[in-house]
$ cat input06.pdb   # PDB, C-alpha atoms, pLDDT in the B column
ATOM      1  CA  ILE A  13     117.140  78.144-156.741  1.00 64.00           C
ATOM      2  CA  ALA A  14     116.267  81.111-158.925  1.00 65.00           C
ATOM      3  CA  ALA A  15     113.660  79.115-160.829  1.00 67.00           C
ATOM      4  CA  ASN A  16     112.162  77.884-157.560  1.00 65.00           C
ATOM      5  CA  ASN A  17     111.896  81.464-156.291  1.00 72.00           C
ATOM      6  CA  ILE A  18     110.118  82.526-159.489  1.00 78.00           C
ATOM      7  CA  VAL A  19     107.603  79.666-159.175  1.00 68.00           C
ATOM      8  CA  ASN A  20     106.987  80.537-155.507  1.00 71.00           C
ATOM      9  CA  ALA A  21     106.409  84.183-156.428  1.00 73.00           C
ATOM     10  CA  LEU A  22     103.917  83.202-159.137  1.00 78.00           C
ATOM     11  CA  PHE A  23     101.916  81.068-156.746  1.00 71.00           C
ATOM     12  CA  MET A  24     101.903  83.878-154.174  1.00 80.00           C
ATOM     13  CA  ILE A  25     100.449  86.199-156.813  1.00 80.00           C
ATOM     14  CA  VAL A  26      97.804  83.622-157.775  1.00 74.00           C
ATOM     15  CA  ALA A  27      96.915  83.111-154.103  1.00 73.00           C
ATOM     16  CA  SER A  28      96.579  86.863-153.591  1.00 76.00           C
ATOM     17  CA  LEU A  29      94.313  87.217-156.622  1.00 76.00           C
ATOM     18  CA  TYR A  30      92.214  84.286-155.384  1.00 70.00           C
ATOM     19  CA  ALA A  31      91.831  85.907-151.953  1.00 73.00           C
ATOM     20  CA  ILE A  32      90.838  89.252-153.502  1.00 76.00           C
ATOM     21  CA  ALA A  33      88.272  87.573-155.749  1.00 76.00           C
ATOM     22  CA  MET A  34      86.741  85.566-152.911  1.00 74.00           C
ATOM     23  CA  LEU A  35      86.607  88.462-150.440  1.00 71.00           C
ATOM     24  CA  ASP A  36      85.555  91.293-152.762  1.00 73.00           C
ATOM     25  CA  LEU A  37      83.573  89.574-155.514  1.00 72.00           C
ATOM     26  CA  ALA A  38      82.147  86.478-153.832  1.00 72.00           C
ATOM     27  CA  ARG A  39      81.733  88.336-150.526  1.00 76.00           C
ATOM     28  CA  LEU A  40      83.141  85.481-148.463  1.00 75.00           C
ATOM     29  CA  SER A  41      84.154  86.003-144.865  1.00 81.00           C
ATOM     30  CA  VAL A  42      87.722  85.241-143.778  1.00 76.00           C
ATOM     31  CA  PRO A  43      86.722  81.866-142.223  1.00 80.00           C
ATOM     32  CA  GLN A  44      84.877  80.965-145.438  1.00 78.00           C
ATOM     33  CA  LEU A  45      87.944  81.962-147.468  1.00 71.00           C
ATOM     34  CA  LEU A  46      90.152  79.710-145.377  1.00 79.00           C
ATOM     35  CA  LEU A  47      87.640  76.870-145.682  1.00 81.00           C
ATOM     36  CA  SER A  48      87.506  77.223-149.480  1.00 77.00           C
ATOM     37  CA  ALA A  49      91.315  77.229-149.657  1.00 78.00           C
ATOM     38  CA  ALA A  50      91.437  74.099-147.485  1.00 81.00           C
ATOM     39  CA  LEU A  51      88.934  72.326-149.726  1.00 80.00           C
ATOM     40  CA  LEU A  52      90.945  73.259-152.818  1.00 78.00           C
ATOM     41  CA  ASN A  53      94.119  71.949-151.184  1.00 76.00           C
ATOM     42  CA  ALA A  54      92.331  68.710-150.306  1.00 75.00           C
ATOM     43  CA  ALA A  55      91.120  68.315-153.894  1.00 78.00           C
ATOM     44  CA  VAL A  56      94.623  68.892-155.254  1.00 72.00           C
ATOM     45  CA  ALA A  57      96.055  66.417-152.732  1.00 68.00           C
ATOM     46  CA  VAL A  58      93.566  63.748-153.824  1.00 69.00           C
ATOM     47  CA  TYR A  59      94.413  64.419-157.469  1.00 68.00           C
ATOM     48  CA  ILE A  60      98.171  64.154-156.849  1.00 67.00           C
ATOM     49  CA  TYR A  61      97.634  60.986-154.813  1.00 58.00           C
ATOM     50  CA  GLY A  62      95.804  59.487-157.766  1.00 66.00           C
ATOM     51  CA  LEU A  63      98.789  60.258-159.985  1.00 63.00           C
ATOM     52  CA  MET A  64     101.558  59.260-157.533  1.00 66.00           C
ATOM     53  CA  PRO A  65     100.197  57.305-154.556  1.00 66.00           C
ATOM     54  CA  GLU A  66     103.652  55.980-153.683  1.00 73.00           C
ATOM     55  CA  PHE A  67     104.916  59.514-152.918  1.00 74.00           C
ATOM     56  CA  LEU A  68     102.406  60.063-150.095  1.00 74.00           C
ATOM     57  CA  LEU A  69     102.841  56.532-148.769  1.00 78.00           C
ATOM     58  CA  ARG A  70     106.623  56.912-148.703  1.00 80.00           C
ATOM     59  CA  PHE A  71     106.241  60.186-146.823  1.00 81.00           C
ATOM     60  CA  LEU A  72     103.875  58.619-144.289  1.00 82.00           C
ATOM     61  CA  SER A  73     106.207  55.659-143.838  1.00 85.00           C
ATOM     62  CA  TRP A  74     109.086  58.088-143.189  1.00 86.00           C
ATOM     63  CA  LEU A  75     107.040  59.887-140.533  1.00 87.00           C
ATOM     64  CA  LEU A  76     105.927  56.654-138.884  1.00 85.00           C
ATOM     65  CA  VAL A  77     109.335  54.992-138.866  1.00 86.00           C
ATOM     66  CA  HIS A  78     111.191  58.051-137.570  1.00 83.00           C
ATOM     67  CA  SER A  79     108.557  58.495-134.855  1.00 85.00           C
ATOM     68  CA  ILE A  80     109.309  55.016-133.500  1.00 85.00           C
ATOM     69  CA  TYR A  81     113.002  54.418-134.167  1.00 87.00           C
ATOM     70  CA  ARG A  82     116.265  56.301-134.365  1.00 87.00           C
ATOM     71  CA  ILE A  83     117.602  55.158-137.712  1.00 91.00           C
ATOM     72  CA  ARG A  84     121.131  55.422-139.038  1.00 93.00           C
ATOM     73  CA  THR A  85     121.636  54.748-142.713  1.00 93.00           C
ATOM     74  CA  SER A  86     124.850  54.068-144.549  1.00 94.00           C
ATOM     75  CA  GLY A  87     125.550  53.595-148.244  1.00 94.00           C
ATOM     76  CA  THR A  88     122.203  54.709-149.674  1.00 93.00           C
ATOM     77  CA  SER A  89     124.217  56.365-152.455  1.00 94.00           C
ATOM     78  CA  HIS A  90     124.772  52.823-153.780  1.00 95.00           C
ATOM     79  CA  ILE A  91     121.093  52.713-154.788  1.00 95.00           C
ATOM     80  CA  PRO A  92     121.097  53.806-158.451  1.00 94.00           C
ATOM     81  CA  GLU A  93     119.561  57.226-159.089  1.00 92.00           C
ATOM     82  CA  ARG A  94     117.888  55.840-162.191  1.00 93.00           C
ATOM     83  CA  GLY A  95     117.497  52.562-164.003  1.00 95.00           C
ATOM     84  CA  ALA A  96     116.645  49.064-162.859  1.00 97.00           C
ATOM     85  CA  ALA A  97     118.229  47.330-159.903  1.00 98.00           C
ATOM     86  CA  LEU A  98     117.429  44.392-157.656  1.00 98.00           C
ATOM     87  CA  ILE A  99     117.646  44.964-153.908  1.00 98.00           C
ATOM     88  CA  VAL A 100     118.222  41.932-151.704  1.00 97.00           C
ATOM     89  CA  CYS A 101     117.760  42.245-147.943  1.00 97.00           C
ATOM     90  CA  ASN A 102     117.642  40.112-144.824  1.00 96.00           C
ATOM     91  CA  HIS A 103     114.160  39.509-143.433  1.00 95.00           C
ATOM     92  CA  VAL A 104     114.034  40.273-139.711  1.00 94.00           C
ATOM     93  CA  SER A 105     110.543  41.597-139.038  1.00 91.00           C
ATOM     94  CA  TYR A 106     107.092  42.436-140.348  1.00 90.00           C
ATOM     95  CA  VAL A 107     108.092  46.069-140.961  1.00 90.00           C
ATOM     96  CA  ASP A 108     111.206  45.517-143.083  1.00 94.00           C
ATOM     97  CA  ALA A 109     109.545  46.830-146.243  1.00 92.00           C
ATOM     98  CA  LEU A 110     108.266  49.887-144.375  1.00 91.00           C
ATOM     99  CA  LEU A 111     111.788  50.723-143.202  1.00 93.00           C
ATOM    100  CA  LEU A 112     113.280  50.361-146.673  1.00 95.00           C
ATOM    101  CA  MET A 113     110.486  52.439-148.160  1.00 92.00           C
ATOM    102  CA  ALA A 114     111.225  55.191-145.634  1.00 91.00           C
ATOM    103  CA  VAL A 115     114.950  55.485-146.409  1.00 92.00           C
ATOM    104  CA  SER A 116     115.095  54.762-150.129  1.00 93.00           C
ATOM    105  CA  PRO A 117     115.555  57.783-152.414  1.00 91.00           C
ATOM    106  CA  ARG A 118     113.360  56.030-155.009  1.00 92.00           C
ATOM    107  CA  PRO A 119     110.116  54.026-154.937  1.00 92.00           C
ATOM    108  CA  ILE A 120     110.608  50.283-154.514  1.00 95.00           C
ATOM    109  CA  ARG A 121     108.441  47.404-155.695  1.00 95.00           C
ATOM    110  CA  PHE A 122     108.426  44.768-152.951  1.00 96.00           C
ATOM    111  CA  VAL A 123     107.913  41.053-153.534  1.00 96.00           C
ATOM    112  CA  MET A 124     105.834  39.616-150.702  1.00 94.00           C
ATOM    113  CA  ASP A 125     104.052  36.437-149.669  1.00 93.00           C
ATOM    114  CA  VAL A 126     100.620  36.178-151.248  1.00 92.00           C
ATOM    115  CA  SER A 127      98.975  35.222-147.938  1.00 90.00           C
ATOM    116  CA  ILE A 128     100.104  38.548-146.455  1.00 89.00           C
ATOM    117  CA  PHE A 129      99.242  40.414-149.635  1.00 90.00           C
ATOM    118  CA  ARG A 130      95.623  39.200-149.438  1.00 90.00           C
ATOM    119  CA  LEU A 131      94.986  40.246-145.839  1.00 88.00           C
ATOM    120  CA  PRO A 132      91.756  42.260-145.526  1.00 86.00           C
ATOM    121  CA  VAL A 133      92.270  46.034-145.537  1.00 80.00           C
ATOM    122  CA  MET A 134      96.051  45.648-145.877  1.00 83.00           C
ATOM    123  CA  SER A 135      95.569  44.309-149.390  1.00 87.00           C
ATOM    124  CA  TRP A 136      94.432  47.760-150.506  1.00 85.00           C
ATOM    125  CA  LEU A 137      97.601  49.322-149.106  1.00 84.00           C
ATOM    126  CA  PHE A 138      99.847  46.729-150.735  1.00 88.00           C
ATOM    127  CA  ARG A 139      98.193  47.395-154.072  1.00 88.00           C
ATOM    128  CA  GLN A 140      98.801  51.118-153.673  1.00 86.00           C
ATOM    129  CA  VAL A 141     102.549  50.549-153.334  1.00 87.00           C
ATOM    130  CA  ARG A 142     102.352  48.054-156.211  1.00 91.00           C
ATOM    131  CA  ALA A 143     103.711  45.134-154.196  1.00 94.00           C
ATOM    132  CA  ILE A 144     104.178  41.870-156.083  1.00 96.00           C
ATOM    133  CA  PRO A 145     102.558  38.807-154.461  1.00 95.00           C
ATOM    134  CA  ILE A 146     104.368  35.506-154.713  1.00 94.00           C
ATOM    135  CA  ALA A 147     103.767  31.923-153.597  1.00 93.00           C
ATOM    136  CA  SER A 148     105.817  28.757-153.739  1.00 89.00           C
ATOM    137  CA  SER A 149     105.279  26.318-156.589  1.00 87.00           C
ATOM    138  CA  ARG A 150     103.697  23.907-154.117  1.00 90.00           C
ATOM    139  CA  VAL A 151     101.135  26.447-152.887  1.00 90.00           C
ATOM    140  CA  ASP A 152     100.159  28.164-156.147  1.00 93.00           C
ATOM    141  CA  PRO A 153     102.305  27.720-159.286  1.00 93.00           C
ATOM    142  CA  ALA A 154     100.255  30.290-161.209  1.00 95.00           C
ATOM    143  CA  VAL A 155     100.881  33.001-158.610  1.00 95.00           C
ATOM    144  CA  MET A 156     104.581  32.168-158.595  1.00 95.00           C
ATOM    145  CA  GLU A 157     104.890  32.435-162.376  1.00 95.00           C
ATOM    146  CA  ARG A 158     102.921  35.660-162.421  1.00 96.00           C
ATOM    147  CA  ALA A 159     105.244  37.084-159.755  1.00 96.00           C
ATOM    148  CA  PHE A 160     108.315  36.383-161.877  1.00 96.00           C
ATOM    149  CA  GLU A 161     106.572  38.014-164.823  1.00 97.00           C
ATOM    150  CA  GLN A 162     105.782  41.128-162.791  1.00 97.00           C
ATOM    151  CA  VAL A 163     109.339  41.337-161.484  1.00 97.00           C
ATOM    152  CA  SER A 164     110.660  41.099-165.030  1.00 97.00           C
ATOM    153  CA  GLU A 165     108.246  43.770-166.246  1.00 97.00           C
ATOM    154  CA  ALA A 166     109.261  46.107-163.429  1.00 97.00           C
ATOM    155  CA  LEU A 167     112.979  45.655-164.049  1.00 97.00           C
ATOM    156  CA  ARG A 168     112.614  46.147-167.790  1.00 97.00           C
ATOM    157  CA  ASP A 169     110.712  49.333-167.000  1.00 97.00           C
ATOM    158  CA  GLY A 170     113.714  50.629-165.060  1.00 96.00           C
ATOM    159  CA  GLN A 171     112.218  50.226-161.572  1.00 97.00           C
ATOM    160  CA  LEU A 172     113.709  49.109-158.268  1.00 97.00           C
ATOM    161  CA  VAL A 173     112.547  45.705-157.050  1.00 98.00           C
ATOM    162  CA  CYS A 174     113.260  44.357-153.570  1.00 97.00           C
ATOM    163  CA  ILE A 175     113.165  40.705-152.630  1.00 97.00           C
ATOM    164  CA  PHE A 176     113.823  38.990-149.323  1.00 96.00           C
ATOM    165  CA  PRO A 177     115.626  35.901-150.636  1.00 95.00           C
ATOM    166  CA  GLU A 178     115.382  33.978-147.366  1.00 95.00           C
ATOM    167  CA  GLY A 179     111.705  33.534-148.202  1.00 91.00           C
ATOM    168  CA  ARG A 180     110.575  33.980-144.596  1.00 91.00           C
ATOM    169  CA  ILE A 181     111.092  36.096-141.500  1.00 93.00           C
ATOM    170  CA  THR A 182     113.939  34.770-139.390  1.00 93.00           C
ATOM    171  CA  ASP A 183     112.878  32.907-136.254  1.00 91.00           C
ATOM    172  CA  ASN A 184     116.288  32.942-134.583  1.00 90.00           C
ATOM    173  CA  GLY A 185     117.840  36.232-135.651  1.00 89.00           C
ATOM    174  CA  GLU A 186     120.231  34.560-138.079  1.00 92.00           C
ATOM    175  CA  LEU A 187     120.217  34.508-141.868  1.00 94.00           C
ATOM    176  CA  HIS A 188     118.478  31.583-143.533  1.00 94.00           C
ATOM    177  CA  PRO A 189     119.854  30.299-146.852  1.00 95.00           C
ATOM    178  CA  PHE A 190     119.032  32.488-149.835  1.00 96.00           C
ATOM    179  CA  ARG A 191     116.704  30.728-152.257  1.00 93.00           C
ATOM    180  CA  PRO A 192     117.506  30.074-155.930  1.00 91.00           C
ATOM    181  CA  GLY A 193     114.632  32.217-157.251  1.00 92.00           C
ATOM    182  CA  LEU A 194     117.144  35.040-157.118  1.00 92.00           C
ATOM    183  CA  THR A 195     119.182  33.360-159.840  1.00 94.00           C
ATOM    184  CA  ARG A 196     116.122  32.932-162.038  1.00 95.00           C
ATOM    185  CA  VAL A 197     115.389  36.662-161.831  1.00 96.00           C
ATOM    186  CA  LEU A 198     118.937  37.627-162.806  1.00 96.00           C
ATOM    187  CA  GLN A 199     119.154  35.110-165.635  1.00 95.00           C
ATOM    188  CA  ARG A 200     116.130  36.697-167.234  1.00 96.00           C
ATOM    189  CA  ASP A 201     116.999  40.313-166.415  1.00 96.00           C
ATOM    190  CA  PRO A 202     120.692  40.835-165.584  1.00 97.00           C
ATOM    191  CA  VAL A 203     120.535  44.062-163.575  1.00 97.00           C
ATOM    192  CA  PRO A 204     122.800  45.387-160.786  1.00 97.00           C
ATOM    193  CA  VAL A 205     122.143  43.788-157.403  1.00 98.00           C
ATOM    194  CA  VAL A 206     122.273  45.935-154.266  1.00 98.00           C
ATOM    195  CA  PRO A 207     122.763  44.074-150.952  1.00 98.00           C
ATOM    196  CA  VAL A 208     121.103  45.622-147.884  1.00 97.00           C
ATOM    197  CA  ALA A 209     121.261  44.645-144.215  1.00 97.00           C
ATOM    198  CA  LEU A 210     118.795  45.616-141.495  1.00 96.00           C
ATOM    199  CA  ARG A 211     120.423  45.769-138.069  1.00 94.00           C
ATOM    200  CA  GLY A 212     118.883  46.086-134.627  1.00 91.00           C
ATOM    201  CA  LEU A 213     115.368  44.819-135.357  1.00 89.00           C
ATOM    202  CA  TRP A 214     115.745  41.398-133.779  1.00 90.00           C
ATOM    203  CA  GLY A 215     113.956  41.389-130.439  1.00 86.00           C
ATOM    204  CA  SER A 216     111.519  44.116-131.422  1.00 84.00           C
ATOM    205  CA  ALA A 217     107.750  43.656-131.225  1.00 83.00           C
ATOM    206  CA  PHE A 218     107.701  43.198-135.004  1.00 86.00           C
ATOM    207  CA  SER A 219     110.171  40.313-135.029  1.00 87.00           C
ATOM    208  CA  ARG A 220     109.606  36.668-134.169  1.00 86.00           C
ATOM    209  CA  ALA A 221     111.956  36.775-131.208  1.00 84.00           C
ATOM    210  CA  PRO A 222     110.700  34.836-128.171  1.00 82.00           C
ATOM    211  CA  GLY A 223     110.427  36.420-124.747  1.00 72.00           C
ATOM    212  CA  LEU A 224     108.255  39.200-123.407  1.00 59.00           C
ATOM    213  CA  PRO A 225     104.766  39.841-124.871  1.00 63.00           C
ATOM    214  CA  ARG A 226     104.750  42.084-127.943  1.00 62.00           C
ATOM    215  CA  PRO A 227     103.138  45.151-126.256  1.00 63.00           C
ATOM    216  CA  ILE A 228     105.841  45.167-123.567  1.00 62.00           C
ATOM    217  CA  ARG A 229     108.601  44.716-126.125  1.00 59.00           C
ATOM    218  CA  ALA A 230     107.099  47.532-128.180  1.00 58.00           C
ATOM    219  CA  MET A 231     107.251  49.940-125.233  1.00 60.00           C
ATOM    220  CA  ARG A 232     110.774  48.901-124.250  1.00 55.00           C
ATOM    221  CA  ARG A 233     112.140  49.234-127.783  1.00 65.00           C
ATOM    222  CA  ILE A 234     110.523  52.547-128.717  1.00 69.00           C
ATOM    223  CA  PHE A 235     113.090  55.076-129.956  1.00 72.00           C
ATOM    224  CA  SER A 236     115.694  52.311-130.065  1.00 81.00           C
ATOM    225  CA  ARG A 237     118.526  52.536-132.550  1.00 88.00           C
ATOM    226  CA  LEU A 238     118.401  50.772-135.908  1.00 91.00           C
ATOM    227  CA  SER A 239     120.873  50.689-138.737  1.00 94.00           C
ATOM    228  CA  ILE A 240     120.313  50.120-142.440  1.00 95.00           C
ATOM    229  CA  GLU A 241     123.503  49.280-144.329  1.00 96.00           C
ATOM    230  CA  VAL A 242     123.553  49.406-148.140  1.00 97.00           C
ATOM    231  CA  GLY A 243     126.442  47.771-149.954  1.00 96.00           C
ATOM    232  CA  ALA A 244     127.933  48.453-153.354  1.00 96.00           C
ATOM    233  CA  ALA A 245     126.005  47.049-156.298  1.00 96.00           C
ATOM    234  CA  LEU A 246     127.192  43.704-157.627  1.00 96.00           C
ATOM    235  CA  ASP A 247     127.454  42.653-161.250  1.00 96.00           C
ATOM    236  CA  PRO A 248     124.621  40.210-162.003  1.00 96.00           C
ATOM    237  CA  ALA A 249     127.116  37.823-163.615  1.00 94.00           C
ATOM    238  CA  VAL A 250     128.688  37.093-160.218  1.00 94.00           C
ATOM    239  CA  ALA A 251     125.684  37.692-157.942  1.00 95.00           C
ATOM    240  CA  THR A 252     124.965  34.150-156.800  1.00 95.00           C
ATOM    241  CA  PRO A 253     122.683  33.495-153.816  1.00 95.00           C
ATOM    242  CA  GLU A 254     125.703  32.325-151.809  1.00 96.00           C
ATOM    243  CA  LEU A 255     127.741  35.456-152.553  1.00 96.00           C
ATOM    244  CA  LEU A 256     124.820  37.751-151.826  1.00 96.00           C
ATOM    245  CA  GLN A 257     124.128  36.017-148.537  1.00 96.00           C
ATOM    246  CA  GLN A 258     127.771  36.524-147.617  1.00 96.00           C
ATOM    247  CA  GLN A 259     127.557  40.206-148.571  1.00 96.00           C
ATOM    248  CA  VAL A 260     124.418  40.769-146.492  1.00 96.00           C
ATOM    249  CA  ALA A 261     125.950  38.904-143.545  1.00 96.00           C
ATOM    250  CA  THR A 262     129.066  41.086-143.745  1.00 96.00           C
ATOM    251  CA  LEU A 263     126.978  44.268-143.838  1.00 95.00           C
ATOM    252  CA  ARG A 264     124.917  43.112-140.878  1.00 94.00           C
ATOM    253  CA  GLY A 265     127.852  42.030-138.741  1.00 89.00           C
ATOM    254  CA  ALA A 266     127.156  40.729-135.243  1.00 82.00           C
ATOM    255  CA  TRP A 267     124.361  43.219-134.517  1.00 81.00           C
ATOM    256  CA  ARG A 268     121.042  41.518-135.248  1.00 74.00           C
TER
END
$ encode --input "input06.pdb" --output "structure tokens"
Amino acid sequence: IAANNIVNALFMIVASLYAIAMLDLARLSVPQLLLSAALLNAAVAVYIYGLMPEFLLRFLSWLLVHSIYRIRTSGTSHIPERGAALIVCNHVSYVDALLLMAVSPRPIRFVMDVSIFRLPVMSWLFRQVRAIPIASSRVDPAVMERAFEQVSEALRDGQLVCIFPEGRITDNGELHPFRPGLTRVLQRDPVPVVPVALRGLWGSAFSRAPGLPRPIRAMRRIFSRLSIEVGAALDPAVATPELLQQQVATLRGAWR
């Protein structure tokens, strides 16, 4: 706290000297001074974004998500403060990654379908958050192999990687079987595995639930309650797809 106060005081002094120089030496008016300060802030923001784009995107995702939903989180302390870990989560909607990004204390690399990754305009955003595109071996074996390489590189670099092992968004609200690609990742890089369950998204405009048109569902579900449950990390030696699916199902409970 003391160090933070000293830094704040130093910046206040620098800001005061800047204002004196602009008003007395450069003969700027007060509106011109404020405009110059705003332009400097914008330049610094662009520079910081270039260094850490994920920080701004995580902040924006937090604002967006908390403007739409009332979110309760539990167990986020199970996400390691540092070092590699693999996050596995049920796939309920098109905004699952956005929700996890908003509540995670650390940046996450998401593995996502290559067809979504290549969508116009959105592709730029996915690249900014360093998402990892993947495809099945039948669709594009090269993309699949490159995805496993990127996941391995990220884990060996001590990053968090999130996969949705069902391989698709649920179309009935229930969990689909977890795919064996999970085992391949852990055999190559045995890191702790953190199970996560999203609860309350089924039936929203972003899910594949049948019923009312999406715009109506969006209005009816605004400010609705969601829950994100994070379980204790599992040892990679015992983290089979079947066990992880059971863990996620237990965390989710009956609330879809």
$ axis_aligned_box --input "input06.pdb" --around "region 177-188 of chain A" --padding-each-side "6 Å" --output "AutoDock Vina command-line options"
--center_x 115.4 --center_y 33.9 --center_z -142.6 --size_x 21.7 --size_y 16.6 --size_z 28.1
$ closest_residue --input "input06.pdb" --among "A:Val203, A:Leu112, A:Cys101, A:Ile83" --to "His188 (chain A)" --atoms "only C-alpha atoms"
A:Cys101
$ resolve_selection --input "input06.pdb" --expression "the PyMOL selection byres ((chain A and resi 198-201) around 12)" --output "PyMOL selection string"
chain A and resi 96-100+160-170+173+192-197+202-205+246-253
$ closest_residue --input "input06.pdb" --among "A:Val260, A:Val155, A:Ala33, A:Ile128" --to "Pro189 (chain A)" --atoms "only C-alpha atoms"
A:Val260
$ resolve_selection --input "input06.pdb" --expression "the PyMOL selection byres ((chain A and resi 139-142) around 9)" --output "list in words"
Pro65, Glu66, Leu69, Arg70, Pro119, Ile120, Arg121, Phe122, Phe129, Met134, Ser135, Trp136, Leu137, Phe138, Ala143 and Ile144 of chain A
$ resolve_selection --input "input06.pdb" --expression "the PyMOL selection byres ((chain A and resi 116) around 12)" --output "number ranges by chain"
A: 67, 70-71, 73-74, 85-93, 99, 109-115, 117-121, 172-174, 208, 240-242
$ residues_near_point --input "input06.pdb" --point "(124.1, 46.5, -141.3)" --cutoff "7 Å" --atoms "all atoms listed in the file" --output "list in words"
Ala209, Leu210, Arg211, Ser239, Ile240, Glu241, Leu263, Arg264 and Gly265 of chain A
$ atom_distance --input "input06.pdb" --atom1 "CA of Tyr81 (chain A)" --atom2 "CA of Ile146 (chain A)"
29.2 Å
$ atom_distance --input "input06.pdb" --atom1 "CA of Gly95 (chain A)" --atom2 "CA of Leu72 (chain A)"
24.7 Å
$ residues_near_point --input "input06.pdb" --point "(114.4, 37.6, -133.2)" --cutoff "12 Å" --atoms "all atoms listed in the file" --output "number ranges by chain"
A: 103-106, 181-187, 211-224, 226, 229, 267-268
